[in-house]
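Input: a single structure, listed below in structure tokens.
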Amino acid sequence: MLAIARQRMLGQSFKKILPAVSVLRSYSSAAKQITVREALNSALDEEMSADPKVFLMGEEVGEYQGAYKITKGLLEKYGPERVLDTPITEAGFTGIGVGAAYYGLKPVVEFMTFNFSMQAIDHIINSAAKSNYMSAGQISVPIVFRGPNGAAAGVGAQHSQCYAAWYASCPGLKVLSPYNSEDARGLLKAAIRDPDPVVFLENELLYGESFPVSDEVLDSSFCLPIGKAKIEREGKDVTITAFSKMVGYALKAAEMLEKDGIYAEVINLRSIRPLDRSTINASVRKTNRLITVEEGFPQHGVGAEICASVVEESFSYLDAPVERIAGADVPMPYAANLERMAVPQVEDIVRAAKRACYRSVPLAATA
Amino acid sequence: MALSHLGASASRSSSLLKPLSSALSLRRPISGDNSPLTVETSVPFTSHQCEAPSRSVETNPKELLTFFRDMALMRRMEIAADSLYKAKLIRGFCHLYDGQEAVAVGMEAAITKKDCIITAYRDHCTFVSRGGTLLEVFAELMGRQAGCSKGKGGSMHFYKKDSNFYGGHGIVGAQVPLGCGLAFAQKYSKDETVTFALYGDGAANQGQLFEALNISALWDLPAILVCENNHYGMGTAEWRAAKSPAYYKRGDYVPGLKVDGMDALAVKQACKFAKEHALKNGPIILEMDTYRYHGHSMSDPGSTYRTRDEISGVRQERDPIERIRKLILSHDLATEKELKDVEKEVRKEVDDAIAQAKESPMPEPSELFTNVYAKGLGVESFGADRKEVRATLP
């Protein structure tokens, strides 16, 4: 199942490869595979090597090699002046990171999970996001806040929230969320090079997953544009938008839907702010149906914004109401069966797509 | 008490100076000269975990006259802002610094423009001491294009990056970790410069301050935390907010110095000492014992939580401008009339700047959408009615 999806992605990435390289490529049969962890690590390494102003800061990023080993080997390579272990004081070290960015350095601040970013959210919003505007361009803040976001496995209510919607609502921030290794490399490099504050939302469960990457992706100059979504799978019947881990689920759902003759177009958002409204709307104008998928809480979520955007821009193209698949509207429970109910599953996406295509799906009785 | 100290020191040194000054010139220019002069601070410094610097401050006539002029300008500027606010030309927040001028001018005298300063929202005078113009101040307060933030920031968001003034912050206490971050960057870049992060007695209890101080001490950052203790956090007196109002001691393992913040020379001495310390040994705290004549902001009369007698008492006994005036007069560096003329000049400068600021237009509507990002990527942004107002971010 996954192999088909991977071949599709391979096909798309092959289109980007330069002719000279493709000659060499014909000798090897399989593309290189790297994990998302390796992708992030190599991106950090290359950007630190290219620009001495880039430095890393966070809990356990140095001697511990990173709580999730994303920063492995970097302390040894770049030394303690550029890879800094901080005490467990998010408000303090985030403020220090933003101050360093004011001066012109390029900090990459790691939150062990984005749940802990709430301790520092004033600095992210009021000290970082708004400064360029309030100073009419004098104080730009070239900082990246990165770390795992959303649910992991069995970590409970205080460690499972998705912050995409909260941060993406704030003008002055850029919010990115990679899915595969190509996304991880390209978007993190773009984030570090960008002169504005970027919130970079990773996913703990994706760190260990491998994805094929082309030579172009592995090149140190590789970079993805911020604000552009990617069509992971083309289709004509229904559009499914997703980001991060849910992209994988959406692709699986598309597989299943194909068996029933429904061809879904899967859009990997990559960028939550700026949101690629034109790609989303162009797709909906083609398919006339939309399912938005996210892990986070449903109210005021990413899907709500996408739905509003499509209703505003492409109302007359919609043949069915927009469907939202999101995390359950409850704090994350611990028990495995309840946890499973609290996050979207592939069958939820399939069911919603069928509803949008008016294939009879018995509706649950309403209270 | 403070006055008697001044009188004693003045009579000691003036008797030495008189023959010297007459030998130099019959009529000295009002701008003064650089001949050295030693003045004692009003009170000795009190120290915590370090040895206090000497009470004897080296200065010269030129510096004293500059102090007088600069403080008179700041005083006049803040009073004028009060009038503009009451005339509804300034809106929103307006936090005035009159009474605290000695901290701004004393600090500036001890450092260079390569050292960084960051403060909270009572920032008008600090901005001016870093080289900001009166026009930039008044235009920003009135929300005009000629303002230092082009009218988009307002009273609490003045910045002057080219002289390392990083604002201008509205969230109480946030500027302290930011200042430690500036110090981090200075050390990282090997600039041999320091950062002064100013905060009030109200902000002194903020957790993030101690988080940043801990990191600064661990990493030996050249950060100088300056508590401008004007004894009231909005309407709450220091003894009601802090279990220990000895703010210079609150750093525990971080050394501290208590300074008479109404004495510009004491401020200068302390900042000079702190800079040397921070470059060698890491963070240090300076507590400036100061006072604000106005309330917390223009919406606070400032007399419900303190007596009018207290306010007028400080004005009589400790006013920073009067201290320098007395020093100048007792050392014969200028006549009373010359000083009054300076005050008149300064008043005219302020009036001219206000007139000029009033001429400056409000920002163009298109400015609503500029500077959201440093690199806008050509994305769209929206007004209240997105079908009516949209813009592409540059």
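To be explicit about the labels: the chains of the structure tokens are called A, B, and onward in the order shown, and within each one the residues are counted from 1, while ligands get numbers from 1 in the order they are shown.
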Would you list the contacts of Ala212 in chain B as a short mmCIF file (atom, residue, chain, number, x, y, z; two decimals) with N, CA, C and O atoms, in the first residue's frame, taking every protein, DNA or RNA residue within 7 Å and counting only C-alpha atoms, but skipping same-chain residues closer than 4 positions in sequence?
data_model
loop_
_atom_site.label_atom_id
_atom_site.label_comp_id
_atom_site.auth_asym_id
_atom_site.auth_seq_id
_atom_site.Cartn_x
_atom_site.Cartn_y
_atom_site.Cartn_z
N GLY A 92 12.41 32.05 30.22
CA GLY A 92 13.73 32.68 30.23
C GLY A 92 14.52 32.42 28.96
O GLY A 92 15.01 33.35 28.32
N PHE A 93 14.64 31.15 28.57
CA PHE A 93 15.53 30.90 27.43
C PHE A 93 14.91 31.29 26.10
O PHE A 93 15.62 31.65 25.16
N PRO B 177 14.60 39.04 29.93
CA PRO B 177 15.23 37.97 29.15
C PRO B 177 15.70 38.44 27.78
O PRO B 177 16.74 38.00 27.29
N CYS B 180 19.01 39.96 28.24
CA CYS B 180 20.03 38.93 28.45
C CYS B 180 20.38 38.26 27.12
O CYS B 180 21.52 37.85 26.89
N GLN B 208 10.32 35.26 35.00
CA GLN B 208 11.22 35.18 33.85
C GLN B 208 12.51 35.96 34.08
O GLN B 208 13.55 35.66 33.48
N SER B 216 22.07 33.82 32.63
CA SER B 216 23.14 34.81 32.42
C SER B 216 24.33 34.53 33.33
O SER B 216 25.49 34.67 32.92
#
Residues of range 82-256 of chain B classed as alpha helix (DSSP H) by DSSP on the backbone are to be reported as a VMD selection string.
chain B and resid 82 to 86 101 to 110 124 to 129 134 to 141 175 to 188 207 to 218 238 to 241
The residue from B:Lys348, B:Arg323, B:His48, B:His331 with the smallest atom-to-atom distance to Met71 in chain B, counting only C-alpha atoms, is B:Arg323
Each chain B residue no farther than 7 Å from chain A, nearest pair in Å, only C-alpha atoms, as a tab-separated table:
residue	atom	partner	partner_atom	distance
B:Ser149	CA	A:Ser135	CA	4.8
B:Lys150	CA	A:Ala136	CA	6.2
B:Lys152	CA	A:Met134	CA	5.7
B:Gly153	CA	A:Met134	CA	4.4
B:His157	CA	A:Met134	CA	6.4
B:Tyr159	CA	A:Ser135	CA	6.3
B:Lys161	CA	A:Gln138	CA	6.5
B:Pro177	CA	A:Gly95	CA	4.7
B:Leu178	CA	A:Gly99	CA	4.0
B:Gly179	CA	A:Gly99	CA	6.1
B:Cys180	CA	A:Ile96	CA	5.7
B:Gly181	CA	A:Ile96	CA	3.7
B:Leu182	CA	A:Ala100	CA	5.0
B:Phe184	CA	A:Ala100	CA	6.4
B:Ala185	CA	A:Ala100	CA	5.0
B:Gln208	CA	A:Gly92	CA	5.1
B:Glu211	CA	A:Gly92	CA	4.8
B:Ala212	CA	A:Gly92	CA	4.7
B:Asn371	CA	A:Tyr133	CA	4.8
B:Val372	CA	A:Tyr133	CA	5.1
B:Tyr373	CA	A:Gly172	CA	5.6
B:Ala374	CA	A:Asp196	CA	6.0
B:Lys375	CA	A:Pro195	CA	6.6
B:Val379	CA	A:Pro274	CA	6.7
Fewer than 4 positions away in the same chain doesn't count, so skip those; otherwise give me all residues within 10 Å of Gly261 in chain A, counting only C-alpha atoms, as a PyMOL selection string.
chain A and resi 237+256-257
Need the shell around Ile280 in chain A: protein/DNA/RNA residues with any atom at most 8 Å away, counting only C-alpha atoms. Skip same-chain ones fewer than 4 positions apart. Format as a list of chain:residue names?
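Within the cut-off, the hits are A:Thr241, A:Ile267, A:Asp276, A:Val284, A:Val310.
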Selection from above, N, CA and C atoms, as a short mmCIF file (atom, residue, chain, number, x, y, z; two decimals), in the first residue's frame, can you write it?
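Output file again-v3.cif follows:
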data_model
loop_
_atom_site.label_atom_id
_atom_site.label_comp_id
_atom_site.auth_asym_id
_atom_site.auth_seq_id
_atom_site.Cartn_x
_atom_site.Cartn_y
_atom_site.Cartn_z
N THR A 241 -7.25 17.81 2.52
CA THR A 241 -6.08 18.58 2.98
C THR A 241 -5.62 18.00 4.32
N ILE A 267 -3.67 16.91 -0.49
CA ILE A 267 -2.79 18.08 -0.41
C ILE A 267 -2.06 18.07 0.92
N ASP A 276 -1.59 28.07 1.79
CA ASP A 276 -1.60 28.12 0.32
C ASP A 276 -3.05 28.03 -0.18
N VAL A 284 -10.16 22.36 -5.08
CA VAL A 284 -11.59 22.22 -4.81
C VAL A 284 -12.41 22.60 -6.05
N VAL A 310 -12.48 28.39 1.50
CA VAL A 310 -13.09 27.79 0.31
C VAL A 310 -14.51 28.31 0.10
#
Kindly indicate which residue among B:Thr290, B:Asn229, B:Asn34, B:Ser303 lies nearest to Asp98 in chain B, using only C-alpha atoms for the distances.
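Closest to Asp98 in chain B of all the choices is B:Thr290.
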Just list as a compact mmCIF listing (two decimals) with N, CA and C atoms, in the first residue's frame whatever in range 112-327 of chain B DSSP marks as strand (DSSP E or B).
# COMPACT_ATOMS: atom_id res chain seq x y z
N CYS B 116 24.20 48.01 24.47
CA CYS B 116 22.76 47.95 24.19
C CYS B 116 21.96 48.39 25.40
N ILE B 117 20.83 49.03 25.13
CA ILE B 117 19.87 49.32 26.20
C ILE B 117 18.52 48.79 25.77
N ILE B 118 17.82 48.15 26.72
CA ILE B 118 16.44 47.74 26.46
C ILE B 118 15.64 48.07 27.71
N LYS B 160 15.56 52.24 18.39
CA LYS B 160 16.59 52.90 17.57
C LYS B 160 17.74 51.91 17.44
N PHE B 165 19.36 50.67 20.69
CA PHE B 165 18.25 50.78 21.63
C PHE B 165 17.14 49.86 21.14
N THR B 195 25.01 44.90 27.79
CA THR B 195 23.60 45.29 27.65
C THR B 195 23.05 45.71 29.01
N PHE B 196 22.33 46.84 28.99
CA PHE B 196 21.61 47.29 30.18
C PHE B 196 20.13 46.97 29.97
N ALA B 197 19.60 46.08 30.80
CA ALA B 197 18.18 45.72 30.71
C ALA B 197 17.46 46.38 31.87
N LEU B 198 16.62 47.38 31.57
CA LEU B 198 15.96 48.16 32.62
C LEU B 198 14.59 47.60 32.92
N TYR B 199 14.22 47.62 34.19
CA TYR B 199 12.90 47.15 34.60
C TYR B 199 12.52 47.90 35.87
N GLY B 200 11.26 47.80 36.25
CA GLY B 200 10.81 48.55 37.42
C GLY B 200 10.68 47.67 38.65
N ALA B 223 25.48 41.01 31.05
CA ALA B 223 24.15 41.60 31.20
C ALA B 223 24.09 42.39 32.50
N ILE B 224 23.61 43.62 32.42
CA ILE B 224 23.46 44.47 33.60
C ILE B 224 21.97 44.71 33.77
N LEU B 225 21.41 44.19 34.85
CA LEU B 225 19.98 44.36 35.10
C LEU B 225 19.81 45.60 35.96
N VAL B 226 19.05 46.57 35.47
CA VAL B 226 18.91 47.84 36.18
C VAL B 226 17.48 47.99 36.65
N CYS B 227 17.28 47.90 37.96
CA CYS B 227 15.95 48.08 38.51
C CYS B 227 15.73 49.57 38.78
N GLU B 228 14.84 50.19 38.01
CA GLU B 228 14.50 51.59 38.25
C GLU B 228 13.41 51.58 39.31
N ASN B 229 13.85 51.60 40.56
CA ASN B 229 12.90 51.48 41.66
C ASN B 229 12.28 52.83 41.97
N TYR B 232 6.76 52.32 43.27
CA TYR B 232 5.37 51.99 43.01
C TYR B 232 5.24 51.22 41.71
N GLY B 233 4.65 50.02 41.80
CA GLY B 233 4.33 49.29 40.59
C GLY B 233 2.89 49.62 40.29
N THR B 236 0.67 49.96 43.37
CA THR B 236 1.06 49.10 44.48
C THR B 236 2.45 49.46 44.96
N ALA B 237 2.52 49.90 46.22
CA ALA B 237 3.82 50.27 46.78
C ALA B 237 4.71 49.06 46.91
N GLY B 256 25.18 43.00 43.42
CA GLY B 256 24.28 44.11 43.19
C GLY B 256 24.77 45.38 43.85
N LEU B 257 24.24 46.49 43.37
CA LEU B 257 24.64 47.79 43.89
C LEU B 257 23.40 48.66 44.01
N LYS B 258 23.27 49.34 45.15
CA LYS B 258 22.14 50.27 45.29
C LYS B 258 22.66 51.68 45.06
N VAL B 259 21.95 52.42 44.22
CA VAL B 259 22.43 53.71 43.72
C VAL B 259 21.36 54.77 43.91
N ASP B 260 21.76 55.99 44.25
CA ASP B 260 20.80 57.09 44.29
C ASP B 260 20.47 57.48 42.85
N ILE B 284 25.28 41.57 36.73
CA ILE B 284 25.25 42.37 37.96
C ILE B 284 23.94 43.14 37.97
N ILE B 285 23.43 43.42 39.17
CA ILE B 285 22.17 44.15 39.28
C ILE B 285 22.45 45.55 39.84
N LEU B 286 21.85 46.56 39.22
CA LEU B 286 21.92 47.92 39.76
C LEU B 286 20.52 48.31 40.18
N GLU B 287 20.36 48.74 41.42
CA GLU B 287 19.05 49.25 41.83
C GLU B 287 19.14 50.77 41.91
N MET B 288 18.36 51.44 41.05
CA MET B 288 18.37 52.90 41.04
C MET B 288 17.21 53.38 41.89
N ASP B 289 17.54 54.05 42.97
CA ASP B 289 16.50 54.58 43.85
C ASP B 289 16.01 55.88 43.22
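The gap separating CA of Asp329 in chain A from CA of Lys354 in chain A is 22.6 Å, in Å to one decimal.
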Residues within 8 Å of Thr41 in chain B, please, as a list of chain:residue names. Count only C-alpha atoms; anything in the same chain fewer than 4 positions from it doesn't count.
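Counting only the stated atoms, we get B:Arg55, B:Ser56, B:Val57, B:Asp263, B:Leu265, B:Ala266.
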Ile90 in chain B: which residues within 12 Å, counting only C-alpha atoms, same-chain residues fewer than 4 positions away excluded, as a count of residues only?
24
Residues near range 120-132 of chain B, cut-off 6 Å, only C-alpha atoms, skip fewer than 5 positions along chain, as a ChimeraX atom specification:
/B:74,95,104,156,168-170
Computed interatomic separation between CA of Ile192 in chain A and CA of Ala50 in chain A (Å):
11.0 Å
One number please: CA of Gln161 in chain A to CA of Pro148 in chain A, in Å, one decimal.
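Taking CA of Gln161 in chain A as the start and CA of Pro148 in chain A as the end point, the length is 10.2 Å.
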From the set B:Trp239, B:Tyr253, B:Phe93, B:Phe67, which residue has the shortest atom-to-atom contact distance to Pro283 in chain B, counting only C-alpha atoms?
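With only C-alpha atoms as the atom set, the closest residue is B:Tyr253.
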A:Lys259, A:Arg285, A:Lys69, A:Lys228: which is nearest Ala39 in chain A, counting only C-alpha atoms?
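Of the candidates, the smallest distance to Ala39 in chain A is held by A:Lys69.
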